$ cat run.pdb   # PDB, C-alpha atoms
ATOM      1  CA  MET J   1     -44.252 -77.864  42.524
ATOM      2  CA  HIS J   2     -46.164 -81.158  42.641
ATOM      3  CA  THR J   3     -49.083 -79.441  44.386
ATOM      4  CA  GLN J   4     -49.006 -76.639  41.837
ATOM      5  CA  ARG J   5     -49.190 -79.126  38.962
ATOM      6  CA  GLU J   6     -52.089 -80.899  40.646
ATOM      7  CA  LEU J   7     -53.936 -77.618  41.113
ATOM      8  CA  THR J   8     -53.313 -76.644  37.495
ATOM      9  CA  LEU J   9     -54.697 -79.948  36.270
ATOM     10  CA  ARG J  10     -57.659 -79.616  38.615
ATOM     11  CA  LEU J  11     -58.400 -76.100  37.335
ATOM     12  CA  ASP J  12     -58.239 -77.388  33.760
ATOM     13  CA  ASP J  13     -60.741 -80.124  34.644
ATOM     14  CA  ILE J  14     -63.053 -77.555  36.217
ATOM     15  CA  ARG J  15     -62.841 -75.283  33.154
ATOM     16  CA  GLN J  16     -63.582 -78.194  30.817
ATOM     17  CA  ALA J  17     -66.515 -79.274  32.978
ATOM     18  CA  ARG J  18     -67.955 -75.763  32.979
ATOM     19  CA  GLU J  19     -67.481 -75.483  29.214
ATOM     20  CA  HIS J  20     -69.233 -78.820  28.782
ATOM     21  CA  GLU J  21     -72.125 -77.621  30.961
ATOM     22  CA  ARG J  22     -72.443 -74.440  28.880
ATOM     23  CA  LEU J  23     -72.490 -76.533  25.733
ATOM     24  CA  LEU J  24     -75.198 -78.789  27.145
ATOM     25  CA  ASP J  25     -77.271 -75.770  28.169
ATOM     26  CA  ALA J  26     -76.947 -74.279  24.695
ATOM     27  CA  GLN J  27     -77.932 -77.586  23.092
ATOM     28  CA  ALA J  28     -80.940 -77.863  25.397
ATOM     29  CA  VAL J  29     -82.119 -74.380  24.411
ATOM     30  CA  LEU J  30     -81.572 -75.163  20.739
ATOM     31  CA  ALA J  31     -83.440 -78.463  21.043
ATOM     32  CA  LYS J  32     -86.380 -76.672  22.678
ATOM     33  CA  GLU J  33     -86.467 -74.065  19.913
ATOM     34  CA  ARG J  34     -86.238 -76.736  17.217
ATOM     35  CA  THR J  35     -89.090 -78.689  18.785
ATOM     36  CA  GLN J  36     -91.253 -75.565  18.992
ATOM     37  CA  LEU J  37     -90.486 -74.709  15.357
ATOM     38  CA  ALA J  38     -91.293 -78.276  14.291
ATOM     39  CA  ARG J  39     -94.612 -78.094  16.134
ATOM     40  CA  GLU J  40     -95.519 -74.791  14.471
ATOM     41  CA  MET J  41     -94.547 -76.093  11.023
ATOM     42  CA  HIS J  42     -96.645 -79.201  11.521
ATOM     43  CA  ASP J  43     -99.688 -77.449  12.981
ATOM     44  CA  VAL J  44     -99.811 -74.525  10.565
ATOM     45  CA  VAL J  45     -98.045 -75.351   7.306
ATOM     46  CA  SER J  46     -99.063 -78.987   6.983
ATOM     47  CA  HIS J  47    -102.680 -78.088   7.755
ATOM     48  CA  GLN J  48    -102.805 -75.468   5.020
ATOM     49  CA  VAL J  49    -101.017 -77.614   2.433
ATOM     50  CA  SER J  50    -103.279 -80.567   3.252
ATOM     51  CA  LEU J  51    -106.331 -78.407   2.539
ATOM     52  CA  ILE J  52    -104.790 -77.342  -0.770
ATOM     53  CA  ALA J  53    -104.179 -80.976  -1.718
ATOM     54  CA  VAL J  54    -107.716 -82.028  -0.794
ATOM     55  CA  GLN J  55    -109.402 -79.160  -2.634
ATOM     56  CA  ALA J  56    -107.205 -79.627  -5.696
ATOM     57  CA  GLY J  57    -108.073 -83.323  -5.736
ATOM     58  CA  ALA J  58    -111.774 -82.526  -5.509
ATOM     59  CA  LEU J  59    -111.487 -80.014  -8.335
ATOM     60  CA  SER J  60    -109.679 -82.474 -10.604
ATOM     61  CA  VAL J  61    -112.547 -84.935 -10.173
ATOM     62  CA  SER J  62    -115.453 -82.486 -10.479
ATOM     63  CA  THR J  63    -114.331 -80.247 -13.344
ATOM     64  CA  SER J  64    -115.059 -81.062 -16.982
ATOM     65  CA  ASP J  65    -112.387 -78.711 -18.320
ATOM     66  CA  PRO J  66    -109.317 -80.813 -19.248
ATOM     67  CA  ASP J  67    -106.916 -77.919 -18.692
ATOM     68  CA  ALA J  68    -108.385 -77.200 -15.263
ATOM     69  CA  ARG J  69    -108.243 -80.914 -14.434
ATOM     70  CA  THR J  70    -104.567 -81.086 -15.400
ATOM     71  CA  ALA J  71    -103.746 -77.965 -13.399
ATOM     72  CA  ALA J  72    -105.650 -79.211 -10.355
ATOM     73  CA  GLU J  73    -103.928 -82.586 -10.481
ATOM     74  CA  ASN J  74    -100.555 -80.836 -10.744
ATOM     75  CA  VAL J  75    -101.412 -78.730  -7.678
ATOM     76  CA  ARG J  76    -102.453 -81.849  -5.785
ATOM     77  CA  ARG J  77     -99.231 -83.680  -6.694
ATOM     78  CA  LEU J  78     -97.055 -80.722  -5.710
ATOM     79  CA  SER J  79     -98.934 -80.415  -2.419
ATOM     80  CA  VAL J  80     -98.367 -84.079  -1.639
ATOM     81  CA  ASP J  81     -94.652 -83.754  -2.444
ATOM     82  CA  THR J  82     -94.481 -80.675  -0.227
ATOM     83  CA  LEU J  83     -96.128 -82.522   2.640
ATOM     84  CA  ASP J  84     -93.644 -85.353   2.245
ATOM     85  CA  GLU J  85     -90.658 -82.992   2.399
ATOM     86  CA  LEU J  86     -92.238 -81.117   5.291
ATOM     87  CA  ARG J  87     -92.657 -84.365   7.194
ATOM     88  CA  HIS J  88     -88.943 -85.087   6.885
ATOM     89  CA  MET J  89     -88.079 -81.523   7.925
ATOM     90  CA  VAL J  90     -90.246 -81.836  11.025
ATOM     91  CA  ASN J  91     -88.547 -85.119  11.897
ATOM     92  CA  LEU J  92     -85.170 -83.461  11.533
ATOM     93  CA  LEU J  93     -86.142 -80.519  13.726
ATOM     94  CA  ARG J  94     -87.507 -82.847  16.374
ATOM     95  CA  ALA J  95     -84.255 -84.821  16.405
ATOM     96  CA  SER J  96     -81.482 -84.070  18.843
ATOM     97  CA  GLY J  97     -79.479 -82.171  16.276
ATOM     98  CA  SER J  98     -76.541 -84.564  16.246
ATOM     99  CA  SER J  99     -74.231 -84.523  13.267
ATOM    100  CA  THR J 100     -75.464 -87.956  12.213
ATOM    101  CA  THR J 101     -79.042 -86.752  11.736
ATOM    102  CA  GLU J 102     -79.830 -86.411   8.051
ATOM    103  CA  LEU J 103     -82.802 -85.041   6.210
ATOM    104  CA  MET J 104     -83.885 -88.081   4.242
ATOM    105  CA  PRO J 105     -84.463 -88.739   1.491
ATOM    106  CA  GLN J 106     -82.064 -86.219   0.007
ATOM    107  CA  PRO J 107     -82.708 -85.224  -3.617
ATOM    108  CA  THR J 108     -80.039 -86.069  -6.170
ATOM    109  CA  LEU J 109     -79.585 -85.492  -9.882
ATOM    110  CA  SER J 110     -81.602 -88.638 -10.573
ATOM    111  CA  ASP J 111     -84.659 -86.709  -9.329
ATOM    112  CA  LEU J 112     -84.283 -83.840 -11.814
ATOM    113  CA  ASP J 113     -86.586 -85.285 -14.475
ATOM    114  CA  ARG J 114     -89.379 -85.721 -11.933
ATOM    115  CA  LEU J 115     -88.810 -82.189 -10.637
ATOM    116  CA  ILE J 116     -89.008 -80.698 -14.125
ATOM    117  CA  ALA J 117     -92.027 -82.795 -15.112
ATOM    118  CA  GLY J 118     -93.911 -81.655 -12.011
ATOM    119  CA  SER J 119     -92.981 -77.985 -12.275
ATOM    120  CA  GLY J 120     -96.020 -77.075 -14.381
ATOM    121  CA  ILE J 121     -93.749 -75.243 -16.834
ATOM    122  CA  GLU J 122     -92.859 -76.210 -20.392
ATOM    123  CA  THR J 123     -89.174 -76.878 -19.826
ATOM    124  CA  ARG J 124     -86.423 -78.191 -22.089
ATOM    125  CA  ARG J 125     -83.390 -79.785 -20.465
ATOM    126  CA  THR J 126     -80.003 -80.136 -22.141
ATOM    127  CA  GLY J 127     -76.657 -81.469 -20.989
ATOM    128  CA  THR J 128     -75.667 -83.758 -18.151
ATOM    129  CA  ALA J 129     -73.456 -83.584 -15.094
ATOM    130  CA  PRO J 130     -70.342 -85.736 -14.763
ATOM    131  CA  GLU J 131     -70.554 -89.025 -12.936
ATOM    132  CA  GLY J 132     -69.563 -89.393  -9.307
ATOM    133  CA  ILE J 133     -69.893 -85.829  -8.041
ATOM    134  CA  ASP J 134     -70.451 -85.296  -4.331
ATOM    135  CA  THR J 135     -73.996 -85.617  -2.996
ATOM    136  CA  ALA J 136     -73.804 -82.103  -1.489
ATOM    137  CA  VAL J 137     -73.067 -80.731  -4.964
ATOM    138  CA  GLN J 138     -75.951 -82.737  -6.401
ATOM    139  CA  ARG J 139     -78.307 -81.270  -3.784
ATOM    140  CA  THR J 140     -77.066 -77.768  -4.607
ATOM    141  CA  ILE J 141     -77.807 -78.304  -8.294
ATOM    142  CA  TYR J 142     -81.236 -79.770  -7.545
ATOM    143  CA  ARG J 143     -82.268 -77.002  -5.143
ATOM    144  CA  THR J 144     -81.026 -74.308  -7.508
ATOM    145  CA  ILE J 145     -83.083 -75.644 -10.404
ATOM    146  CA  GLN J 146     -86.060 -76.105  -8.076
ATOM    147  CA  GLU J 147     -85.912 -72.499  -6.858
ATOM    148  CA  ALA J 148     -85.352 -71.150 -10.370
ATOM    149  CA  LEU J 149     -88.395 -72.975 -11.759
ATOM    150  CA  THR J 150     -90.454 -71.825  -8.789
ATOM    151  CA  ASN J 151     -89.523 -68.231  -9.581
ATOM    152  CA  VAL J 152     -90.445 -68.748 -13.228
ATOM    153  CA  ARG J 153     -93.840 -70.057 -12.201
ATOM    154  CA  LYS J 154     -94.382 -67.128  -9.825
ATOM    155  CA  HIS J 155     -93.033 -64.224 -11.846
ATOM    156  CA  ALA J 156     -93.309 -65.286 -15.489
ATOM    157  CA  PRO J 157     -96.550 -67.259 -15.964
ATOM    158  CA  GLY J 158     -96.994 -68.658 -19.440
ATOM    159  CA  SER J 159     -93.282 -68.578 -20.247
ATOM    160  CA  THR J 160     -91.118 -71.505 -21.278
ATOM    161  CA  ALA J 161     -87.880 -72.449 -19.565
ATOM    162  CA  THR J 162     -84.591 -74.132 -20.391
ATOM    163  CA  VAL J 163     -82.268 -75.989 -18.043
ATOM    164  CA  ASP J 164     -78.758 -76.442 -19.374
ATOM    165  CA  ILE J 165     -76.020 -78.369 -17.545
ATOM    166  CA  ALA J 166     -72.482 -78.089 -18.897
ATOM    167  CA  HIS J 167     -69.041 -78.906 -17.546
ATOM    168  CA  ASP J 168     -65.399 -78.779 -18.504
ATOM    169  CA  GLY J 169     -62.324 -79.987 -16.693
ATOM    170  CA  THR J 170     -62.716 -77.683 -13.714
ATOM    171  CA  ASP J 171     -66.224 -76.218 -13.454
ATOM    172  CA  LEU J 172     -69.845 -77.255 -13.783
ATOM    173  CA  THR J 173     -72.360 -74.669 -14.941
ATOM    174  CA  VAL J 174     -76.131 -74.867 -14.551
ATOM    175  CA  THR J 175     -78.131 -72.254 -16.443
ATOM    176  CA  VAL J 176     -81.873 -71.843 -16.026
ATOM    177  CA  GLY J 177     -83.486 -69.311 -18.338
ATOM    178  CA  ASN J 178     -87.028 -68.370 -19.220
ATOM    179  CA  THR J 179     -88.831 -66.384 -21.888
ATOM    180  CA  PRO J 180     -90.965 -63.341 -21.028
ATOM    181  CA  ALA J 181     -94.291 -63.886 -19.300
ATOM    182  CA  THR J 182     -97.379 -64.202 -21.471
ATOM    183  CA  ARG J 183     -99.891 -63.735 -18.653
ATOM    184  CA  PRO J 184    -100.118 -61.332 -15.709
ATOM    185  CA  SER J 185     -98.321 -62.627 -12.649
ATOM    186  CA  LEU J 186    -100.112 -63.115  -9.355
ATOM    187  CA  THR J 187     -98.959 -61.249  -6.269
ATOM    188  CA  LEU J 188     -97.664 -63.913  -3.904
ATOM    189  CA  PRO J 189     -96.091 -63.479  -0.460
ATOM    190  CA  SER J 190     -92.311 -63.561  -0.556
ATOM    191  CA  ALA J 191     -89.541 -62.785   1.911
ATOM    192  CA  ARG J 192     -87.054 -62.553  -0.965
ATOM    193  CA  HIS J 193     -84.822 -65.134   0.690
ATOM    194  CA  GLY J 194     -84.814 -67.605  -2.205
ATOM    195  CA  LEU J 195     -81.929 -66.223  -4.261
ATOM    196  CA  LEU J 196     -79.983 -65.305  -1.151
ATOM    197  CA  GLY J 197     -80.374 -68.863   0.084
ATOM    198  CA  LEU J 198     -79.121 -70.192  -3.259
ATOM    199  CA  GLN J 199     -76.042 -67.973  -3.071
ATOM    200  CA  GLU J 200     -75.314 -69.181   0.451
ATOM    201  CA  ARG J 201     -75.847 -72.828  -0.542
ATOM    202  CA  ALA J 202     -73.529 -72.441  -3.545
ATOM    203  CA  ALA J 203     -70.858 -70.752  -1.426
ATOM    204  CA  LEU J 204     -70.808 -73.746   0.933
ATOM    205  CA  VAL J 205     -69.482 -75.908  -1.914
ATOM    206  CA  GLY J 206     -67.248 -73.207  -3.388
ATOM    207  CA  GLY J 207     -69.656 -72.017  -6.071
ATOM    208  CA  THR J 208     -71.397 -68.836  -7.169
ATOM    209  CA  VAL J 209     -74.856 -67.833  -8.379
ATOM    210  CA  VAL J 210     -75.513 -64.881 -10.683
ATOM    211  CA  THR J 211     -78.794 -63.658 -12.141
ATOM    212  CA  GLU J 212     -79.607 -61.267 -14.955
ATOM    213  CA  ALA J 213     -82.419 -60.088 -17.159
ATOM    214  CA  THR J 214     -82.154 -61.127 -20.805
ATOM    215  CA  PRO J 215     -82.496 -58.712 -23.759
ATOM    216  CA  ASP J 216     -85.794 -60.307 -24.833
ATOM    217  CA  GLY J 217     -87.412 -59.597 -21.460
ATOM    218  CA  GLY J 218     -86.771 -62.982 -19.896
ATOM    219  CA  PHE J 219     -84.542 -63.938 -16.999
ATOM    220  CA  ARG J 220     -81.486 -66.116 -16.496
ATOM    221  CA  LEU J 221     -79.912 -67.736 -13.432
ATOM    222  CA  ARG J 222     -76.466 -69.315 -13.627
ATOM    223  CA  LEU J 223     -74.864 -71.562 -11.021
ATOM    224  CA  ARG J 224     -71.143 -72.270 -11.311
ATOM    225  CA  LEU J 225     -69.503 -74.966  -9.195
ATOM    226  CA  PRO J 226     -65.929 -76.257  -9.081
ATOM    227  CA  ILE J 227     -65.798 -79.976  -9.864
ATOM    228  CA  SER J 228     -62.103 -80.716 -10.313
ATOM    229  CA  GLY J 229     -61.756 -81.699  -6.650
ATOM    230  CA  GLN J 230     -65.042 -83.601  -6.735
ATOM    231  CA  ARG J 231     -63.946 -85.653  -9.725
ATOM    232  CA  SER J 232     -60.588 -86.449  -8.218
ATOM    233  CA  ARG J 233     -62.255 -87.668  -4.995
ATOM    234  CA  ALA J 234     -64.664 -89.776  -7.042
ATOM    235  CA  ASP J 235     -61.771 -91.289  -8.999
ATOM    236  CA  ALA J 236     -59.990 -92.055  -5.742
TER     237      ALA J 236
END

$ encode --input "run.pdb" --output "structure tokens"
Amino acid sequence: MHTQRELTLRLDDIRQAREHERLLDAQAVLAKERTQLAREMHDVVSHQVSLIAVQAGALSVSTSDPDARTAAENVRRLSVDTLDELRHMVNLLRASGSSTTELMPQPTLSDLDRLIAGSGIETRRTGTAPEGIDTAVQRTIYRTIQEALTNVRKHAPGSTATVDIAHDGTDLTVTVGNTPATRPSLTLPSARHGLLGLQERAALVGGTVVTEATPDGGFRLRLRLPISGQRSRADA
């Protein structure tokens, strides 16, 4: 019986060791893939966005049209912000993938005004979020508004937008709407993953995203998030 117990323990040790080896192998493969993806993002995406930033900067200096100068400067600023976020993404992908690795700096609700001001869209913001909500919820709100304004810029050029944030005792609602387009939209490449990604991001924090066309020909996106638990944790 003593020998049997020793063998059982030994077999358990062997199984755990093999499982640990499989985990290490999987992490090594993942790390290799992440490094390759980071290299491709840096070599391809950053190169293209850098060219956009440089050419937009040159246009803002050379043009005499004030509207063209403003648009070019906006393109340059957005390109620089994109390069900054891309740099942090590349650093994250090159990291080991441990749970302590964070994509920094993470956007919060304090960055909303800058996001809206740099969107290139005439946007009116109303309402505020409650104090002390979780940073993951703040990122969800920020990314949802960011994606919604990007879609407005792509699909409804010349329209105006509204961003409304409202909350009651249990839920927080973010509504981004836009008027109909006043100019023809440009055909831009899209994998149609934006709204799907927003739905997945909202689901991670217990929320939902719904979209609909408005009767006047515009579009509306609504994010609903539970905040009762968030507020109680903040109070604690």

$ residues_around --input "run.pdb" --residues "Ser228 (chain J)" --least-positions-apart "6" --cutoff "9 Å" --atoms "all atoms listed in the file" --output "compact mmCIF listing (two decimals) with C-alpha atoms, in the coordinates of the input"
# COMPACT_ATOMS: atom_id res chain seq x y z
CA GLY J 169 -62.32 -79.99 -16.69
CA THR J 170 -62.72 -77.68 -13.71
CA ASP J 171 -66.22 -76.22 -13.45

$ closest_residue --input "run.pdb" --among "J:Gln138, J:Ser64, J:Thr179, J:Gln27" --to "Thr214 (chain J)" --atoms "only C-alpha atoms"
J:Thr179

$ resolve_selection --input "run.pdb" --expression "the PyMOL selection byres ((chain J and resi 207) around 8)" --output "VMD selection string"
chain J and resid 202 to 206 208 to 209 223 to 226

$ residues_around --input "run.pdb" --residues "Leu195 (chain J)" --least-positions-apart "2" --cutoff "10 Å" --atoms "all atoms listed in the file" --output "ChimeraX atom specification"
/J:144,147-148,151,192-193,197-201,209-211,221

$ write_last_selection --input "run.pdb" --atoms "C-alpha atoms" --output "PDB file, keeping the file's coordinate frame"
ATOM      1  CA  THR J 144     -81.026 -74.308  -7.508  1.00  0.00           C
ATOM      2  CA  GLU J 147     -85.912 -72.499  -6.858  1.00  0.00           C
ATOM      3  CA  ALA J 148     -85.352 -71.150 -10.370  1.00  0.00           C
ATOM      4  CA  ASN J 151     -89.523 -68.231  -9.581  1.00  0.00           C
ATOM      5  CA  ARG J 192     -87.054 -62.553  -0.965  1.00  0.00           C
ATOM      6  CA  HIS J 193     -84.822 -65.134   0.690  1.00  0.00           C
ATOM      7  CA  GLY J 197     -80.374 -68.863   0.084  1.00  0.00           C
ATOM      8  CA  LEU J 198     -79.121 -70.192  -3.259  1.00  0.00           C
ATOM      9  CA  GLN J 199     -76.042 -67.973  -3.071  1.00  0.00           C
ATOM     10  CA  GLU J 200     -75.314 -69.181   0.451  1.00  0.00           C
ATOM     11  CA  ARG J 201     -75.847 -72.828  -0.542  1.00  0.00           C
ATOM     12  CA  VAL J 209     -74.856 -67.833  -8.379  1.00  0.00           C
ATOM     13  CA  VAL J 210     -75.513 -64.881 -10.683  1.00  0.00           C
ATOM     14  CA  THR J 211     -78.794 -63.658 -12.141  1.00  0.00           C
ATOM     15  CA  LEU J 221     -79.912 -67.736 -13.432  1.00  0.00           C
TER      16      LEU J 221
END

$ resolve_selection --input "run.pdb" --expression "the PyMOL selection byres ((chain J and resi 121) around 8)" --output "number ranges by chain"
J: 116-117, 119-120, 122-123, 149, 153, 158-161

$ resolve_selection --input "run.pdb" --expression "the PyMOL selection byres ((chain J and resi 60) around 6)" --output "list in words"
Gly57, Ala58, Leu59, Val61, Ser62, Thr63, Arg69, Ala72 and Glu73 of chain J

$ write_last_selection --input "run.pdb" --atoms "C-alpha atoms" --output "mmCIF file, in the coordinates of the input"
data_model
loop_
_atom_site.group_PDB
_atom_site.id
_atom_site.type_symbol
_atom_site.label_atom_id
_atom_site.label_comp_id
_atom_site.auth_asym_id
_atom_site.auth_seq_id
_atom_site.Cartn_x
_atom_site.Cartn_y
_atom_site.Cartn_z
ATOM 1 C CA GLY J 57 -108.073 -83.323 -5.736
ATOM 2 C CA ALA J 58 -111.774 -82.526 -5.509
ATOM 3 C CA LEU J 59 -111.487 -80.014 -8.335
ATOM 4 C CA VAL J 61 -112.547 -84.935 -10.173
ATOM 5 C CA SER J 62 -115.453 -82.486 -10.479
ATOM 6 C CA THR J 63 -114.331 -80.247 -13.344
ATOM 7 C CA ARG J 69 -108.243 -80.914 -14.434
ATOM 8 C CA ALA J 72 -105.650 -79.211 -10.355
ATOM 9 C CA GLU J 73 -103.928 -82.586 -10.481
#

$ atom_distance --input "run.pdb" --atom1 "CA of Lys154 (chain J)" --atom2 "CA of Arg114 (chain J)"
19.4 Å

$ atom_distance --input "run.pdb" --atom1 "CA of Gly218 (chain J)" --atom2 "CA of Asp164 (chain J)"
15.7 Å
